[in-house]
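Peer 1: For reference, this is target03.cif, and it has mmCIF, C-alpha atoms.
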data_final
loop_
_atom_site.label_atom_id
_atom_site.label_comp_id
_atom_site.auth_asym_id
_atom_site.auth_seq_id
_atom_site.Cartn_x
_atom_site.Cartn_y
_atom_site.Cartn_z
CA MET Z 1 0.00 0.00 0.00
CA LEU Z 2 1.10 3.53 -0.66
CA ARG Z 3 2.62 4.89 2.51
CA LEU Z 4 0.68 7.88 3.82
CA GLU Z 5 2.65 10.24 6.03
CA VAL Z 6 0.00 10.37 8.75
CA ALA Z 7 -2.42 7.69 9.92
CA THR Z 8 -6.02 8.12 10.99
CA ASP Z 9 -6.66 7.55 14.67
CA ASP Z 10 -9.66 5.92 16.35
CA ARG Z 11 -11.56 9.14 16.98
CA TRP Z 12 -12.43 9.36 13.26
CA PHE Z 13 -14.27 6.02 13.31
CA ALA Z 14 -16.11 7.06 16.47
CA CYS Z 15 -17.40 10.03 14.50
CA VAL Z 16 -18.44 7.73 11.62
CA GLU Z 17 -20.29 5.43 14.02
CA ALA Z 18 -22.15 8.40 15.48
CA ASP Z 19 -23.21 9.67 12.04
CA PHE Z 20 -23.20 6.68 9.70
CA ALA Z 21 -25.83 8.30 7.45
CA THR Z 22 -23.49 11.20 6.63
CA PHE Z 23 -20.64 8.76 6.08
CA LEU Z 24 -22.72 6.75 3.58
CA GLN Z 25 -23.86 9.87 1.76
CA ASP Z 26 -20.30 11.12 1.50
CA HIS Z 27 -19.06 7.71 0.45
CA ALA Z 28 -21.61 7.62 -2.38
CA ALA Z 29 -20.40 11.07 -3.48
CA CYS Z 30 -16.79 9.83 -3.42
CA GLU Z 31 -17.68 6.92 -5.67
CA ARG Z 32 -19.43 9.27 -8.12
CA LYS Z 33 -16.40 11.55 -8.16
CA ALA Z 34 -14.02 8.64 -8.71
CA LEU Z 35 -16.13 7.59 -11.69
CA ALA Z 36 -16.01 11.17 -13.02
CA THR Z 37 -12.22 11.27 -12.62
CA ALA Z 38 -11.81 8.08 -14.63
CA MET Z 39 -14.03 9.39 -17.41
CA ALA Z 40 -12.27 12.77 -17.44
CA LEU Z 41 -8.89 11.08 -17.86
CA ILE Z 42 -10.26 9.10 -20.81
CA ALA Z 43 -11.64 12.31 -22.35
CA HIS Z 44 -8.39 14.24 -21.90
CA TYR Z 45 -5.96 11.48 -22.95
CA PRO Z 46 -7.78 9.35 -25.57
CA ASP Z 47 -4.49 8.54 -27.31
CA ARG Z 48 -3.02 6.79 -24.23
CA ALA Z 49 -4.31 3.27 -24.79
CA GLU Z 50 -3.10 1.78 -21.51
CA LEU Z 51 -4.63 4.68 -19.58
CA VAL Z 52 -7.94 4.39 -21.46
CA ASP Z 53 -8.11 0.64 -20.79
CA ALA Z 54 -7.35 1.07 -17.08
CA MET Z 55 -9.77 3.97 -16.63
CA SER Z 56 -12.54 2.09 -18.47
CA GLU Z 57 -12.20 -0.76 -15.98
CA LEU Z 58 -12.00 1.67 -13.09
CA ALA Z 59 -15.12 3.54 -14.21
CA THR Z 60 -17.08 0.29 -14.42
CA GLU Z 61 -15.96 -0.70 -10.92
CA GLU Z 62 -16.64 2.74 -9.41
CA LEU Z 63 -20.16 2.75 -10.87
CA ASP Z 64 -20.78 -0.65 -9.28
CA HIS Z 65 -19.49 0.65 -5.94
CA PHE Z 66 -21.73 3.71 -6.18
CA LYS Z 67 -24.75 1.51 -6.85
CA ARG Z 68 -23.92 -0.71 -3.89
CA VAL Z 69 -23.48 2.25 -1.51
CA ARG Z 70 -26.78 3.64 -2.79
CA GLU Z 71 -28.41 0.31 -1.91
CA LEU Z 72 -27.09 0.72 1.65
CA LEU Z 73 -28.60 4.20 1.74
CA LEU Z 74 -31.94 3.03 0.38
CA ALA Z 75 -32.10 0.15 2.87
CA ARG Z 76 -31.76 2.74 5.66
CA GLY Z 77 -34.21 5.21 4.11
CA ILE Z 78 -31.47 7.78 3.50
CA ALA Z 79 -31.44 9.98 0.39
CA LEU Z 80 -28.36 10.78 -1.63
CA ALA Z 81 -26.82 14.11 -0.67
CA THR Z 82 -25.88 16.88 -3.06
CA ASP Z 83 -22.21 17.08 -3.91
CA LYS Z 84 -20.18 19.42 -1.77
CA LYS Z 85 -16.78 20.77 -2.62
CA SER Z 86 -14.00 18.99 -0.76
CA ASP Z 87 -11.27 21.31 0.54
CA TYR Z 88 -9.05 18.23 0.79
CA VAL Z 89 -9.42 17.33 -2.90
CA ALA Z 90 -9.28 20.98 -3.97
CA GLY Z 91 -6.04 21.39 -2.04
CA LEU Z 92 -4.50 18.41 -3.79
CA ARG Z 93 -5.67 19.62 -7.20
CA ARG Z 94 -4.09 23.02 -6.61
CA GLN Z 95 -0.76 21.16 -6.81
CA LEU Z 96 -1.30 20.17 -10.46
CA ARG Z 97 1.40 21.55 -12.72
CA ASN Z 98 0.39 23.08 -16.06
CA GLU Z 99 2.89 21.47 -18.43
CA SER Z 100 1.09 18.63 -20.25
CA GLY Z 101 3.35 15.70 -19.28
CA ALA Z 102 3.76 16.96 -15.73
CA ARG Z 103 0.02 17.56 -15.46
CA LEU Z 104 -0.78 13.97 -16.40
CA THR Z 105 1.71 12.70 -13.82
CA ASP Z 106 0.19 14.93 -11.16
CA ARG Z 107 -3.39 14.00 -12.03
CA LEU Z 108 -2.52 10.32 -11.71
CA LEU Z 109 -0.62 10.80 -8.46
CA VAL Z 110 -3.33 12.95 -6.88
CA ALA Z 111 -5.85 10.23 -7.77
CA ALA Z 112 -3.48 7.63 -6.28
CA ILE Z 113 -3.23 9.56 -3.02
CA ILE Z 114 -7.00 10.03 -2.75
CA GLU Z 115 -7.44 6.29 -3.32
CA ALA Z 116 -4.77 5.55 -0.70
CA ARG Z 117 -6.53 7.64 1.95
CA SER Z 118 -9.85 6.04 0.95
CA CYS Z 119 -8.25 2.61 1.29
CA GLU Z 120 -7.07 3.42 4.79
CA ARG Z 121 -10.40 4.89 5.88
CA LEU Z 122 -12.63 2.19 4.35
CA GLY Z 123 -10.40 -0.42 5.97
CA ILE Z 124 -10.96 1.27 9.32
CA VAL Z 125 -14.71 1.15 8.71
CA ALA Z 126 -14.50 -2.55 7.79
CA ARG Z 127 -12.61 -3.37 10.98
CA GLY Z 128 -14.99 -1.33 13.10
CA LEU Z 129 -18.30 -2.69 11.82
CA ASP Z 130 -19.99 -5.76 13.24
CA ALA Z 131 -19.57 -8.95 11.22
CA GLY Z 132 -21.98 -9.18 8.33
CA PRO Z 133 -22.59 -8.10 4.74
CA CYS Z 134 -21.79 -4.42 5.36
CA GLN Z 135 -18.45 -5.30 6.93
CA ASP Z 136 -17.70 -7.67 4.04
CA PHE Z 137 -18.52 -4.91 1.54
CA TYR Z 138 -16.16 -2.42 3.19
CA ARG Z 139 -13.42 -5.01 3.44
CA GLU Z 140 -13.80 -5.66 -0.30
CA LEU Z 141 -13.76 -1.92 -1.02
CA ALA Z 142 -10.55 -1.38 0.94
CA ILE Z 143 -8.87 -4.04 -1.19
CA CYS Z 144 -10.18 -2.40 -4.37
CA GLU Z 145 -8.94 1.03 -3.28
CA ALA Z 146 -5.48 -0.44 -2.64
CA ARG Z 147 -5.43 -1.82 -6.18
CA HIS Z 148 -6.69 1.46 -7.62
CA HIS Z 149 -4.00 3.58 -6.05
CA ALA Z 150 -1.31 1.10 -7.13
CA ASP Z 151 -2.71 1.25 -10.67
CA PHE Z 152 -2.55 5.06 -10.70
CA VAL Z 153 1.10 5.03 -9.59
CA ARG Z 154 1.91 2.34 -12.18
CA LEU Z 155 0.28 4.44 -14.90
CA ALA Z 156 2.21 7.52 -13.81
CA LYS Z 157 5.42 5.51 -14.16
CA THR Z 158 4.29 4.28 -17.59
CA TYR Z 159 4.08 7.83 -18.93
CA ALA Z 160 6.91 9.48 -16.99
CA GLU Z 161 10.35 8.58 -15.67
CA PRO Z 162 9.85 6.40 -12.55
CA ALA Z 163 12.39 8.21 -10.36
CA ALA Z 164 10.75 11.55 -11.16
CA VAL Z 165 7.35 10.04 -10.34
CA ASP Z 166 8.65 8.78 -6.98
CA ALA Z 167 10.07 12.22 -6.14
CA ARG Z 168 6.86 13.98 -7.09
CA LEU Z 169 4.80 11.45 -5.14
CA ALA Z 170 6.87 12.14 -2.02
CA ASP Z 171 6.19 15.87 -2.41
CA LEU Z 172 2.46 15.34 -2.88
CA LEU Z 173 2.26 13.01 0.11
CA GLY Z 174 3.66 15.82 2.25
CA VAL Z 175 0.95 18.14 0.94
CA GLU Z 176 -1.69 15.48 1.61
CA ALA Z 177 -0.56 15.10 5.21
CA ARG Z 178 -0.93 18.82 5.83
CA LEU Z 179 -4.32 18.91 4.10
CA ILE Z 180 -5.79 15.95 5.98
CA GLU Z 181 -4.60 17.35 9.29
CA ALA Z 182 -6.25 20.69 8.49
CA GLN Z 183 -9.70 19.17 7.84
CA PRO Z 184 -12.30 19.38 10.60
CA LEU Z 185 -13.47 16.21 12.29
CA SER Z 186 -16.56 14.74 10.65
CA ALA Z 187 -17.94 11.46 9.37
CA HIS Z 188 -16.70 12.21 5.84
CA VAL Z 189 -14.27 9.88 4.08
CA HIS Z 190 -11.62 12.59 3.75
CA ALA Z 191 -12.31 14.43 7.00
CA GLY Z 192 -9.55 15.40 9.35
CA LEU Z 193 -8.32 13.80 12.53
CA VAL Z 194 -5.18 11.83 12.19
CA GLY Z 195 -2.60 10.56 14.65
CA ARG Z 196 1.17 10.49 14.35
#
Please lay out the structure from this file as structure tokens.
Peer 2:
Amino acid sequence: MLRLEVATDDRWFACVEADFATFLQDHAACERKALATAMALIAHYPDRAELVDAMSELATEELDHFKRVRELLLARGIALATDKKSDYVAGLRRQLRNESGARLTDRLLVAAIIEARSCERLGIVARGLDAGPCQDFYRELAICEARHHADFVRLAKTYAEPAAVDARLADLLGVEARLIEAQPLSAHVHAGLVGR
């Protein structure tokens, strides 16, 4: 798994437990946004066959995840929430460089980092839930998120020099640590509250 600079502590899951409806709504939004990211990469880089193939598979998987989270919401009588801007994601996207090759690298690495934090957080949810189908689902999702972020890093190294990708990833992980620590505590997937 991609090494995040800071780890989430137990207080975040306590917040999720106390407001599981908000967590599910935010999780559904995250899945929609991941689908949109995959489709945007296909639209912007249609000539990159390996990227298009990987993002096509990712989009299919993210749509399935969205549908499954929506089923959890429906079973609890909870409506989907409107999308809200994420300061965490916006902060990562502000790091994107403008040069075309560098921008592709950064877009892939930002996606990798978001998937890495999602992997960590969904794994925490899986470990915290009681045994049953919901726990199984979140365990499965954590594994998928791990694969997704590894795929994004692999793609970045396909289209750019691997040592340069590693250096840039280290820089962006430092930014991510500061951003996640600056977020307020809430039941959102990319909320603050981390421990060192």
Peer 1: If the PyMOL selection byres ((chain Z and resi 150-163) around 6) is run on the structure shown, which residues does it catch, given as a PDB file with C-alpha atoms, keeping the file's coordinate frame?
Peer 2:
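This went into part24.pdb:
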ATOM      1  CA  THR Z 105       1.710  12.700 -13.820  1.00  0.00           C
ATOM      2  CA  LEU Z 108      -2.520  10.320 -11.710  1.00  0.00           C
ATOM      3  CA  ALA Z 112      -3.480   7.630  -6.280  1.00  0.00           C
ATOM      4  CA  ARG Z 147      -5.430  -1.820  -6.180  1.00  0.00           C
ATOM      5  CA  HIS Z 148      -6.690   1.460  -7.620  1.00  0.00           C
ATOM      6  CA  HIS Z 149      -4.000   3.580  -6.050  1.00  0.00           C
ATOM      7  CA  ALA Z 164      10.750  11.550 -11.160  1.00  0.00           C
ATOM      8  CA  VAL Z 165       7.350  10.040 -10.340  1.00  0.00           C
ATOM      9  CA  ASP Z 166       8.650   8.780  -6.980  1.00  0.00           C
TER      10      ASP Z 166
END
Peer 1: Would you mind telling me which residue in Z:His27, Z:Arg48, Z:His188, Z:Lys84 lies nearest to Z:Glu62 when using only C-alpha atoms?
Peer 2: Z:His27
Peer 1: Build an axis-aligned box that encloses every atom of stretch 151-157 of chain Z listed in the file, pad it by 4 Å on each side, and report its centre and edge lengths in Å to one decimal, as AutoDock Vina command-line options.
Peer 2:
--center_x 1.4 --center_y 4.4 --center_z -12.2 --size_x 16.1 --size_y 14.3 --size_z 13.3
Peer 1: Given all atoms listed in the file as the basis, pick out the residue of Z:Glu99, Z:Glu50, Z:Glu31, Z:Asp83 nearest to Z:Phe66.
Peer 2: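 Of Z:Glu99, Z:Glu50, Z:Glu31, Z:Asp83, the one nearest Z:Phe66, counting all atoms listed in the file, is Z:Glu31.
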Peer 1: Nearest to Z:Gly101: which of Z:Arg76, Z:Leu58, Z:Tyr45, Z:Leu141 is it, counting all atoms listed in the file?
Peer 2: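 Among Z:Arg76, Z:Leu58, Z:Tyr45, Z:Leu141, it is Z:Tyr45 that comes nearest to Z:Gly101.
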Peer 1: Mind telling me what the PyMOL selection byres ((chain Z and resi 186) around 12) catches here, as a list in words?
Peer 2: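 This file, filtered by the PyMOL selection byres ((chain Z and resi 186) around 12), leaves Arg11, Trp12, Phe13, Ala14, Cys15, Val16, Glu17, Ala18, Asp19, Phe20, Ala21, Thr22, Phe23, Asp26, Ile180, Gln183, Pro184, Leu185, Ala187, His188, Val189, His190, Ala191, Gly192, Leu193 and Val194 of chain Z.
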Peer 1: Provide the atom CA of Z:Leu92 to atom CA of Z:Leu122 distance in Å, to one decimal place.
Peer 2: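 Those two atoms sit 19.9 Å apart.
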Peer 1: Just need stretch 46-64 of chain Z in a file, please: N, CA and C atoms, as a short mmCIF file (atom, residue, chain, number, x, y, z; two decimals), in the first residue's frame.
Peer 2:
data_model
loop_
_atom_site.label_atom_id
_atom_site.label_comp_id
_atom_site.auth_asym_id
_atom_site.auth_seq_id
_atom_site.Cartn_x
_atom_site.Cartn_y
_atom_site.Cartn_z
N PRO Z 46 -7.24 10.49 -24.81
CA PRO Z 46 -7.78 9.35 -25.57
C PRO Z 46 -6.72 8.58 -26.35
N ASP Z 47 -5.56 9.18 -26.55
CA ASP Z 47 -4.49 8.54 -27.31
C ASP Z 47 -3.60 7.65 -26.44
N ARG Z 48 -3.83 7.61 -25.15
CA ARG Z 48 -3.02 6.79 -24.23
C ARG Z 48 -3.78 5.49 -23.97
N ALA Z 49 -3.51 4.49 -24.80
CA ALA Z 49 -4.31 3.27 -24.79
C ALA Z 49 -4.32 2.57 -23.44
N GLU Z 50 -3.16 2.47 -22.81
CA GLU Z 50 -3.10 1.78 -21.51
C GLU Z 50 -3.92 2.54 -20.46
N LEU Z 51 -3.85 3.86 -20.50
CA LEU Z 51 -4.63 4.68 -19.58
C LEU Z 51 -6.12 4.50 -19.84
N VAL Z 52 -6.53 4.54 -21.11
CA VAL Z 52 -7.94 4.39 -21.46
C VAL Z 52 -8.46 3.03 -21.00
N ASP Z 53 -7.69 1.98 -21.22
CA ASP Z 53 -8.11 0.64 -20.79
C ASP Z 53 -8.28 0.59 -19.27
N ALA Z 54 -7.30 1.11 -18.55
CA ALA Z 54 -7.35 1.07 -17.08
C ALA Z 54 -8.50 1.91 -16.54
N MET Z 55 -8.70 3.08 -17.12
CA MET Z 55 -9.77 3.97 -16.63
C MET Z 55 -11.15 3.43 -17.00
N SER Z 56 -11.26 2.72 -18.11
CA SER Z 56 -12.54 2.09 -18.47
C SER Z 56 -12.92 1.04 -17.43
N GLU Z 57 -11.93 0.24 -17.03
CA GLU Z 57 -12.20 -0.76 -15.98
C GLU Z 57 -12.52 -0.09 -14.65
N LEU Z 58 -11.77 0.96 -14.34
CA LEU Z 58 -12.00 1.67 -13.09
C LEU Z 58 -13.40 2.29 -13.06
N ALA Z 59 -13.80 2.91 -14.16
CA ALA Z 59 -15.12 3.54 -14.21
C ALA Z 59 -16.23 2.51 -13.98
N THR Z 60 -16.08 1.36 -14.59
CA THR Z 60 -17.08 0.29 -14.42
C THR Z 60 -17.15 -0.12 -12.95
N GLU Z 61 -15.99 -0.28 -12.34
CA GLU Z 61 -15.96 -0.70 -10.92
C GLU Z 61 -16.51 0.39 -10.00
N GLU Z 62 -16.16 1.65 -10.27
CA GLU Z 62 -16.64 2.74 -9.41
C GLU Z 62 -18.16 2.89 -9.53
N LEU Z 63 -18.71 2.68 -10.72
CA LEU Z 63 -20.16 2.75 -10.87
C LEU Z 63 -20.83 1.64 -10.05
N ASP Z 64 -20.24 0.44 -10.08
CA ASP Z 64 -20.78 -0.65 -9.28
C ASP Z 64 -20.72 -0.31 -7.79
#
